[in-house]
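Asker: Take a look at the following structure, please.
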Amino acid sequence: MSTPPATQSLAFRVMRLCRPSFHVDTPLLLDPSDLILGEDIFDDPLAATHLPSLIDTHLTNPIDSSDLSYRSRFLLQTPFDSFGLTGLLVLPQSFGAIYLGETFCSYISINNSSNFEVRDIVIKAEMQTERQRILLLDTSKTPVESIRACGRYDFIVEHDVKELGAHTLVCTALYSDGDGERKYLPQFFKFIVANPLSVRTKVRVVKETTYLEACIENHTKTNLYMDQVEFEPAPNWSAKILKADEHKSEDNSPSREILKPPVLVQSGGGIRNYLYQLSLSSLGSAQSNVLGKLQITWRTNLGEPGRLQTQQILGTPITPKEIELHVAEVPSAINLDRPFYVSFLQVHLNLTNQTDRELGPFEVWLSQDDTLDEKAVMINGLQTLELSQLEAFGSTDFYLNLIATKLGVQKITGITVFDKSEKKTYAPLPDLEIFVDMH
């Protein structure tokens with residue numbers, strides 16, 4: 001904090017406005033039984049029988065508040081006395097720790113320490129960061145008429161803290177002193193903004209589903225109670241939070257949605273993990289590898305709010321598919337040496353950024369491997385199936401007539417689609433397991 005020169009009549013005083021803290025007094029307090037009982041009291045059966053009456057006699061005798069000797073001042077009158085909470089609240093004595101995502105609120109007083117009145121005071125308050133300078137208060141259009149000798153003018157400013165690092169609260173005043181001389185007063189109040197928490201993310205892809213794990217760590221010296229940790233997915237993505245199974249009695253409780261237990265992240269390195277399941281919309285495809293961002297809101301012990309938004313979270317780059325081939329239905333009973341059908345429903349040909357383009361015609365076959373072993377599942381009939389052209393975002397249903405030659409759990413492998421016009425072979429369908437039984 002800068003101090004005004006001695007020639008100045010005015011001076012700024014700044015106090016940060018934030019929730020007060022509890023006044024904790026932890027003297028040496030004793031329970032009455034600790035003064036009259038020893039560790040071996042229960043070893044003597046006779047003394048143990050008289051123990052309840054001794055304690056009851058002491059507790060039922062009220063303590064005389066007019067006792068000037070204060071002989072009972074260190075005794076526990078109630079169990080809550082051991083907490084050390086006096087019931088008093090303490091106002092902030094300094095700027096304290098200021099964290100990203102909080103609202104900086106300050107009470108500013110401009111004092112006239114001279115013996116004469118100052119007039120036409122133009123006051124400005126600005127917040128200066130490493131990147132920008134933000135105007136918080138400006139009385140240029142409506143100057144303060146006067147501040148009497150030994151008087152003051154008070155105001156409050158607020159600023160949402162959105163940047164880390166050094167911040168400077170710049171307070172300036174332009175005024176006329178008692179001699180009519182125009183004077184300029186600048187004062188600077190510096191503080192550092194720290195990061196209250198860190199967010200670490202991991203992205204894993206399992207088949208067609210993407211999972212996002214977010215780990216939130218508390219770096220402050222107070223507990224944080226999470227109000228909301230919400231993932232906002234990017235376009236064409238949907239998100240669902242995954243939670244552990246809860247007790248049935250909790251699920252059926254009518255007050256559960258109203259009285260939710262607080263999600264506590266303990267001070268000094270406490271950690272909380274969240275898991276989200278992300279799915280790509282069937283009506284579109286991802287334009288980039290951006291998955292979305294996290295919105296985090298919290299409160300401190302006395303309800304001081306905070307809010308943070310992460311940067312865009314990136315996933316594994318996705319190569320758009322021109323076609324999508326998936327199994328719609330498999331017969332429930334498959335018998336050895338009897339033909340069966342595997343039907344393919346909605347063969348989607350998704351043309352990314354080329355919605356007016358047609359693909360096809362196509363050929364579908366069961367590719368052969370290089371081994372000489374007999375395949376467990378083969379095509380029964382024509383080895384190649386012809387399919388007509390598909391319009392943009394169109395679909396068609398077709399059937400493959402297959403036959404199984406071995407019992408037990410078998411795999412249908414190598415179902416491949418070939419574009420005849422572009423001479424392009426697409427990746428084969430993932431292996432499909434079936435169970436073959438005797439007829």
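If you're wondering about the labels, chains in the structure tokens are A, B, ... by order shown, residues count from 1 in each chain, ligands from 1 in order shown.
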Can you tell me, as a ChimeraX atom specification, what residues are no more than 9 Å from range 424-431 of chain A when counting only C-alpha atoms, ignoring any on the same chain fewer than 5 positions away?

Answerer: /A:322-323,325-327,367,411-419

Asker: Near Trp298 in chain A, counting only C-alpha atoms, which residues have an atom at most 6 Å away, once you skip same-chain residues fewer than 4 positions from it, shown as JSON, numbers by chain?

Answerer: {"A": [225, 226, 227, 305, 306]}

Asker: Point out the residue among A:Gln8, A:Asn236, A:Gln93, A:Ser279 with the least atom-to-atom distance to Asn111 in chain A, counting only C-alpha atoms.

Answerer: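 Closest to Asn111 in chain A, using only C-alpha atoms: A:Gln8.
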
Asker: Could you work out how far CA of Thr201 in chain A lies from CA of Gln312 in chain A, giving the answer in Å with one decimal?

Answerer: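 Pair CA of Gln312 in chain A / CA of Thr201 in chain A returns 11.1 Å.
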
Asker: Quick one: pull the distance between CA of Cys18 in chain A and CA of Thr220 in chain A, Å, one decimal.

Answerer: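 Going from CA of Cys18 in chain A over to CA of Thr220 in chain A, I get 15.7 Å.
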
Asker: Using DSSP assignments from the backbone, pull out every residue in range 403-433 of chain A that falls under strand (DSSP E) and give it to me as a PyMOL selection string.

Answerer: chain A and resi 403-404+408-412+415-419+424-425+432-433

Asker: Between A:Thr384, A:Ser198, A:Ser176, A:Ser267, which residue has the minimum interatomic distance to Pro143 in chain A, considering only C-alpha atoms?

Answerer: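 Closest candidate: A:Ser176.
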
Asker: Using CA of Val364 in chain A and CA of Glu386 in chain A as the two end points, give the distance in Å to one decimal.

Answerer: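 If I compute the distance from CA of Val364 in chain A to CA of Glu386 in chain A, I get 6.6 Å.
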
Asker: Taking only C-alpha atoms into account, which of A:Lys202, A:Phe22, A:Glu130, A:Thr310 comes nearest Thr297 in chain A?

Answerer: A:Thr310

Asker: Determine the nearest neighbour of His159 in chain A from the options A:Phe104, A:Phe12, A:Tyr184, A:Phe393, counting only C-alpha atoms.

Answerer: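 Checking each of A:Phe104, A:Phe12, A:Tyr184, A:Phe393 against His159 in chain A, counting only C-alpha atoms, the winner is A:Phe104.
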
Asker: Considering only C-alpha atoms, state which residue in the set A:Leu197, A:Ala11, A:Val436, A:Leu275 is at the smallest distance from Tyr99 in chain A.

Answerer: A:Leu197

Asker: I need the residue nearest Ser106 in chain A from this list: A:Lys375, A:Arg133, A:Lys243, A:Arg13. Use only C-alpha atoms for the distance.

Answerer: A:Arg13
